[in-house]
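K.L.:
Data: model06.cif, mmCIF, C-alpha atoms and all ligand atoms.
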```
data_work
#
loop_
_atom_site.label_atom_id
_atom_site.label_comp_id
_atom_site.auth_asym_id
_atom_site.auth_seq_id
_atom_site.Cartn_x
_atom_site.Cartn_y
_atom_site.Cartn_z
CA MET A 26 -10.09 18.10 -1.96
CA SER A 27 -11.00 14.52 -2.69
CA VAL A 28 -9.27 11.40 -1.45
CA CYS A 29 -6.73 9.69 -3.69
CA VAL A 30 -7.91 6.35 -5.03
CA ALA A 31 -5.51 3.41 -5.27
CA PRO A 32 -6.99 0.45 -7.15
CA SER A 33 -5.77 -2.88 -5.75
CA ILE A 34 -4.74 -5.11 -8.63
CA LEU A 35 -5.38 -8.16 -6.47
CA SER A 36 -8.95 -7.98 -7.78
CA ALA A 37 -7.90 -7.37 -11.41
CA ASP A 38 -7.54 -10.01 -14.14
CA LEU A 39 -4.18 -11.38 -13.04
CA ALA A 40 -3.45 -12.81 -16.48
CA ASN A 41 -3.71 -9.34 -18.06
CA LEU A 42 -2.30 -6.83 -15.62
CA GLU A 43 -0.94 -4.41 -18.21
CA ALA A 44 -4.30 -4.31 -19.99
CA GLU A 45 -6.07 -3.87 -16.64
CA MET A 46 -4.01 -0.77 -15.93
CA SER A 47 -5.17 0.80 -19.16
CA ARG A 48 -8.77 0.53 -17.89
CA ILE A 49 -8.16 2.79 -14.86
CA PRO A 50 -6.87 6.15 -16.17
CA SER A 51 -8.42 8.03 -13.21
CA ALA A 52 -6.31 6.11 -10.66
CA ASP A 53 -3.91 8.16 -8.54
CA LEU A 54 -1.60 5.23 -7.80
CA VAL A 55 -1.75 1.45 -8.11
CA HIS A 56 -1.82 -0.71 -4.99
CA VAL A 57 0.12 -3.99 -5.14
CA ASP A 58 -0.63 -6.52 -2.38
CA VAL A 59 2.43 -8.66 -1.70
CA MET A 60 1.59 -11.71 0.44
CA ASP A 61 3.98 -14.44 1.53
CA GLY A 62 1.74 -17.19 2.96
CA GLN A 63 3.23 -16.57 6.43
CA PHE A 64 2.13 -13.18 7.65
CA VAL A 65 -1.22 -13.80 5.94
CA PRO A 66 -2.82 -17.05 4.76
CA ASN A 67 -2.47 -16.23 1.06
CA MET A 68 0.26 -15.78 -1.55
CA THR A 69 0.22 -13.26 -4.37
CA PHE A 70 2.97 -11.27 -6.08
CA GLY A 71 6.69 -11.04 -5.42
CA LEU A 72 9.70 -9.11 -6.65
CA PRO A 73 9.78 -10.18 -10.33
CA VAL A 74 6.12 -9.31 -10.83
CA VAL A 75 6.56 -5.90 -9.19
CA GLU A 76 9.64 -5.25 -11.32
CA ARG A 77 7.75 -5.95 -14.56
CA LEU A 78 4.69 -3.99 -13.39
CA ALA A 79 6.86 -0.97 -12.63
CA GLU A 80 8.13 -1.06 -16.22
CA VAL A 81 4.65 -0.89 -17.74
CA SER A 82 2.66 1.01 -15.09
CA PRO A 83 1.68 4.62 -15.86
CA PHE A 84 1.04 5.05 -12.11
CA PRO A 85 3.38 4.99 -9.12
CA LEU A 86 3.30 1.58 -7.43
CA ASP A 87 2.10 1.55 -3.83
CA THR A 88 3.40 -1.80 -2.56
CA HIS A 89 1.73 -3.23 0.53
CA LEU A 90 3.96 -5.89 2.05
CA MET A 91 1.96 -8.45 3.99
CA ILE A 92 5.09 -10.45 4.68
CA ALA A 93 6.74 -11.86 7.78
CA ASP A 94 10.20 -10.37 7.32
CA PRO A 95 9.97 -6.85 5.85
CA ASP A 96 13.34 -5.88 7.36
CA ARG A 97 14.91 -8.40 4.97
CA TRP A 98 12.82 -7.78 1.83
CA ALA A 99 11.36 -4.25 1.74
CA THR A 100 14.29 -2.41 0.15
CA ALA A 101 14.38 -4.89 -2.74
CA TYR A 102 10.93 -3.64 -3.76
CA VAL A 103 12.36 -0.16 -4.23
CA ASP A 104 15.14 -1.60 -6.36
CA CYS A 105 12.36 -3.20 -8.44
CA GLY A 106 10.70 0.17 -9.03
CA ALA A 107 8.14 0.62 -6.23
CA ALA A 108 7.49 4.29 -5.46
CA SER A 109 6.39 3.51 -1.94
CA VAL A 110 6.74 0.51 0.33
CA THR A 111 4.40 -0.13 3.24
CA PHE A 112 5.39 -2.77 5.79
CA HIS A 113 3.33 -4.08 8.70
CA ALA A 114 3.85 -2.89 12.27
CA GLU A 115 3.10 -6.42 13.50
CA ALA A 116 5.96 -7.88 11.44
CA VAL A 117 8.74 -5.30 11.36
CA ARG A 118 11.62 -5.45 13.85
CA ALA A 119 13.36 -2.12 13.25
CA PRO A 120 10.83 0.26 11.66
CA VAL A 121 12.88 3.43 11.96
CA ARG A 122 15.93 1.84 10.38
CA LEU A 123 13.81 0.34 7.62
CA ALA A 124 12.06 3.65 6.88
CA ARG A 125 15.45 5.35 6.61
CA GLU A 126 16.74 2.67 4.26
CA LEU A 127 13.68 3.11 2.04
CA HIS A 128 14.16 6.89 2.01
CA LYS A 129 17.84 6.50 1.15
CA ARG A 130 16.79 4.59 -1.96
CA GLY A 131 14.35 7.34 -2.94
CA ALA A 132 11.06 5.67 -1.96
CA LYS A 133 8.30 6.62 0.41
CA ALA A 134 7.94 4.54 3.56
CA GLY A 135 4.64 3.41 5.01
CA ILE A 136 3.58 1.48 8.07
CA ALA A 137 0.39 -0.58 8.19
CA ILE A 138 -1.69 -1.67 11.15
CA ASN A 139 -4.14 -4.57 11.30
CA PRO A 140 -7.67 -4.12 12.72
CA GLY A 141 -6.52 -5.48 16.10
CA THR A 142 -3.51 -3.18 16.38
CA PRO A 143 -4.05 0.18 18.10
CA VAL A 144 -2.87 3.39 16.46
CA ASP A 145 -0.82 4.11 19.58
CA PHE A 146 1.38 1.12 18.74
CA VAL A 147 2.89 3.14 15.86
CA LYS A 148 2.71 6.59 17.45
CA ASP A 149 6.47 6.94 17.93
CA ILE A 150 7.19 5.80 14.38
CA LEU A 151 4.98 8.44 12.71
CA PRO A 152 7.75 11.10 12.56
CA PHE A 153 9.80 8.74 10.35
CA ILE A 154 7.24 7.65 7.80
CA ASP A 155 5.24 9.09 4.89
CA ARG A 156 2.13 6.92 5.06
CA LEU A 157 0.02 5.24 7.72
CA LEU A 158 -2.15 2.45 6.33
CA VAL A 159 -5.12 1.54 8.52
CA MET A 160 -6.51 -1.87 7.56
CA SER A 161 -10.31 -1.93 7.56
CA VAL A 162 -10.40 -5.72 7.07
CA GLU A 163 -8.07 -8.48 8.24
CA PRO A 164 -5.36 -8.60 5.57
CA GLY A 165 -5.11 -11.52 3.17
CA PHE A 166 -8.03 -11.35 0.77
CA GLY A 167 -10.07 -8.97 -1.32
CA GLY A 168 -13.82 -8.69 -1.12
CA GLN A 169 -14.22 -8.67 2.67
CA GLU A 170 -16.67 -6.63 4.68
CA PHE A 171 -15.60 -3.23 6.06
CA ILE A 172 -15.03 -3.15 9.83
CA ASP A 173 -17.33 -0.46 11.25
CA GLU A 174 -14.91 0.62 13.98
CA THR A 175 -12.42 1.89 11.38
CA PRO A 176 -13.57 5.54 11.05
CA ALA A 177 -13.00 6.14 14.79
CA LYS A 178 -9.51 4.71 14.44
CA VAL A 179 -8.83 6.87 11.39
CA ALA A 180 -10.02 9.97 13.28
CA TYR A 181 -7.60 9.24 16.11
CA ALA A 182 -4.75 8.67 13.64
CA ARG A 183 -5.61 12.01 11.97
CA HIS A 184 -5.51 13.70 15.39
CA LEU A 185 -1.97 12.35 16.02
CA ILE A 186 -0.80 13.28 12.52
CA GLU A 187 -2.05 16.87 12.90
CA LYS A 188 0.24 17.28 15.90
CA LEU A 189 3.30 16.53 13.76
CA ASP A 190 5.09 18.93 11.50
CA ARG A 191 5.02 16.42 8.67
CA GLU A 192 2.78 15.39 5.81
CA ILE A 193 1.66 11.81 6.30
CA ASP A 194 -0.73 10.11 3.92
CA LEU A 195 -3.50 8.36 5.85
CA GLU A 196 -4.58 5.38 3.79
CA VAL A 197 -7.47 2.98 4.42
CA ASP A 198 -7.54 -0.48 2.82
CA GLY A 199 -10.35 -3.03 2.68
CA GLY A 200 -14.07 -2.95 1.97
CA MET A 201 -13.94 0.52 0.42
CA SER A 202 -17.09 1.43 -1.56
CA PRO A 203 -19.18 4.54 -2.29
CA VAL A 204 -20.86 3.81 1.07
CA THR A 205 -17.73 3.42 3.23
CA VAL A 206 -15.41 5.99 1.57
CA PRO A 207 -17.39 8.99 2.91
CA LEU A 208 -17.07 7.59 6.45
CA VAL A 209 -13.27 7.35 6.37
CA ALA A 210 -12.84 10.55 4.33
CA ALA A 211 -14.82 12.48 6.95
CA ALA A 212 -12.56 10.96 9.61
CA GLY A 213 -9.46 12.29 7.83
CA ALA A 214 -8.32 9.61 5.39
CA THR A 215 -6.40 10.95 2.38
CA THR A 216 -6.11 7.76 0.29
CA VAL A 217 -8.44 4.79 -0.13
CA VAL A 218 -7.51 1.40 -1.56
CA ALA A 219 -10.23 -0.50 -3.40
CA GLY A 220 -10.09 -3.81 -5.20
CA SER A 221 -13.45 -5.45 -5.74
CA ALA A 222 -15.38 -2.14 -5.90
CA ILE A 223 -13.22 -1.14 -8.89
CA PHE A 224 -12.31 -4.29 -10.78
CA GLY A 225 -15.63 -5.96 -10.00
CA ALA A 226 -17.43 -3.10 -11.75
CA GLU A 227 -18.31 -3.21 -15.41
CA ASP A 228 -16.53 0.12 -15.91
CA PRO A 229 -13.59 0.26 -13.47
CA ASP A 230 -12.73 3.85 -14.29
CA GLN A 231 -16.27 5.01 -13.60
CA ALA A 232 -16.04 3.15 -10.27
CA ILE A 233 -12.90 5.15 -9.44
CA ARG A 234 -14.63 8.42 -10.31
CA ARG A 235 -17.50 7.43 -8.02
CA LEU A 236 -15.07 6.79 -5.18
CA HIS A 237 -13.42 10.16 -5.82
CA ALA A 238 -16.84 11.81 -5.65
CA ALA A 239 -17.70 9.87 -2.48
CA GLY A 240 -14.51 11.09 -0.83
CA ARG A 241 -15.04 14.78 -1.50
C1 LIG A 301 -6.34 -7.14 1.65
C2 LIG A 301 -5.58 -6.22 0.73
C3 LIG A 301 -6.44 -5.22 0.08
C4 LIG A 301 -7.51 -5.80 -0.81
C5 LIG A 301 -8.68 -4.86 -0.85
O1 LIG A 301 -5.45 -7.88 2.38
O2 LIG A 301 -4.59 -5.52 1.46
O3 LIG A 301 -5.66 -4.27 -0.64
O4 LIG A 301 -7.06 -6.07 -2.11
O5 LIG A 301 -9.71 -5.47 -1.53
P1 LIG A 301 -11.23 -4.98 -1.39
O6 LIG A 301 -11.29 -3.57 -1.85
O7 LIG A 301 -11.97 -5.92 -2.28
O8 LIG A 301 -11.62 -5.12 0.06
ZN ZN A 302 -3.54 -3.83 0.48
#
```
Would you mind writing the structure in this file as structure tokens?
P.N.:
Amino acid sequence: MSVCVAPSILSADLANLEAEMSRIPSADLVHVDVMDGQFVPNMTFGLPVVERLAEVSPFPLDTHLMIADPDRWATAYVDCGAASVTFHAEAVRAPVRLARELHKRGAKAGIAINPGTPVDFVKDILPFIDRLLVMSVEPGFGGQEFIDETPAKVAYARHLIEKLDREIDLEVDGGMSPVTVPLVAAAGATTVVAGSAIFGAEDPDQAIRRLHAAGR
């Protein structure tokens, strides 16, 4: 089985998001990077944009909240139509409560860890979530270079997940390309997020198919 590919619309033409989604029919889900200028030094989309995207998107929205106060804001993204909401381990105060609140509203719950955060930091939260997002760049911007230590981290996360009686999607985000996808797929990743490798390509859908092939 191949990895799922989630194009990050951060690298798409932001003035034409609906049209951009029609260029990626092979996508499995669409990744939406929400940044608040506090948790990361950049600002992107917020609730109204996600709400409108959910209305026109043929794909489930995988929202990645790079925000300082997910306990306050995360559930509102479900109300706006997000299929899954991933909050950061470094920012959340009550991850188990938040995951339960997301589930109650019918969404999947994910937890993300930055490159400097060990997998063990979220070990006890794994039984309550549906997705673990391992950042392979420092969050905040597209187009950064893949951190080479990531596959070892992904392999350890896979090892912990295998011990649980629960399906958890293991997602890797940042610097994903036909060269790096095989490394994380071999380590046990099940979803890869890619922005510049997809929307920077002349044919974004062909780029997705290449990533699928690389993750087989
Ligand atoms: C970075 C974002 C990523 C980003 C990936 O903070 O979380 O989703 O858009 O972009 P690329 O694939 O260009 O590294
Ligand atoms: Zn992201």
K.L.:
Nearest to Ala182 in chain A among A:Asp96, A:Glu170, A:Asp53, A:Glu196, with distances taken over only C-alpha atoms: which residue is it?
P.N.:
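Closest to Ala182 in chain A of all the choices is A:Glu196.
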K.L.:
Which chain A residues have any atom within 8 Å of an atom of ligand LIG 301 (chain A), and for each, what is the nearest pair of atoms with distance in Å to one decimal, counting only C-alpha atoms and all ligand atoms, rows sorted by chain and number, as CSV?
P.N.:
```
residue,atom,partner,partner_atom,distance
A:Pro32,CA,A:LIG301,O6,7.9
A:Ser33,CA,A:LIG301,O4,5.0
A:Ile34,CA,A:LIG301,O4,7.0
A:Leu35,CA,A:LIG301,O4,5.1
A:Ser36,CA,A:LIG301,O4,6.3
A:His56,CA,A:LIG301,O3,6.8
A:Val57,CA,A:LIG301,O3,7.3
A:Asp58,CA,A:LIG301,O2,5.6
A:His89,CA,A:LIG301,O2,6.8
A:Met91,CA,A:LIG301,O1,7.6
A:Met160,CA,A:LIG301,O2,7.4
A:Val162,CA,A:LIG301,C1,6.9
A:Glu163,CA,A:LIG301,O1,6.4
A:Pro164,CA,A:LIG301,O1,3.3
A:Gly165,CA,A:LIG301,O1,3.7
A:Phe166,CA,A:LIG301,O1,4.6
A:Gly167,CA,A:LIG301,O5,3.5
A:Gly168,CA,A:LIG301,O7,3.5
A:Gln169,CA,A:LIG301,O8,5.1
A:Glu170,CA,A:LIG301,O8,7.0
A:Phe171,CA,A:LIG301,O8,7.4
A:Asp198,CA,A:LIG301,O3,5.5
A:Gly199,CA,A:LIG301,O8,3.6
A:Gly200,CA,A:LIG301,O8,3.8
A:Met201,CA,A:LIG301,O6,5.4
A:Ser202,CA,A:LIG301,O6,7.7
A:Val218,CA,A:LIG301,O3,6.0
A:Ala219,CA,A:LIG301,O6,3.6
A:Gly220,CA,A:LIG301,O6,3.6
A:Ser221,CA,A:LIG301,O7,3.8
A:Ala222,CA,A:LIG301,O6,5.9
A:Ile223,CA,A:LIG301,O6,7.7
```
K.L.:
Have a look at A:Ala212, A:Glu115, A:Val217, A:Ile186 and name the one nearest to ligand ZN 302 (chain A); count only C-alpha atoms and all ligand atoms.
P.N.:
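Ranking A:Ala212, A:Glu115, A:Val217, A:Ile186 by distance to ligand ZN 302 (chain A), first place goes to A:Val217.
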K.L.:
Show me, as a PyMOL selection string, the residues that have an atom within 10 Å of Ala93 in chain A when counting all atoms listed in the file, minus same-chain residues fewer than 6 positions from it.
P.N.:
chain A and resi 60-65+112-113+115-117
K.L.:
Between A:Gly135, A:Pro203, A:Gly225, A:Pro152, single out the one closest to ligand ZN 302 (chain A), counting only C-alpha atoms and all ligand atoms.
P.N.:
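Counting only C-alpha atoms and all ligand atoms, the residue closest to ligand ZN 302 (chain A) is A:Gly135.
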K.L.:
Using all atoms listed in the file, can you tell me which of A:Ile92, A:Glu192, A:Asp87, A:Cys105 comes closest to Leu72 in chain A?
P.N.:
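For Leu72 in chain A, the nearest of the candidates is A:Cys105.
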K.L.:
To one decimal place in Å, what is the distance between CA of Ala79 in chain A and CA of Ala108 in chain A?
P.N.:
8.9 Å
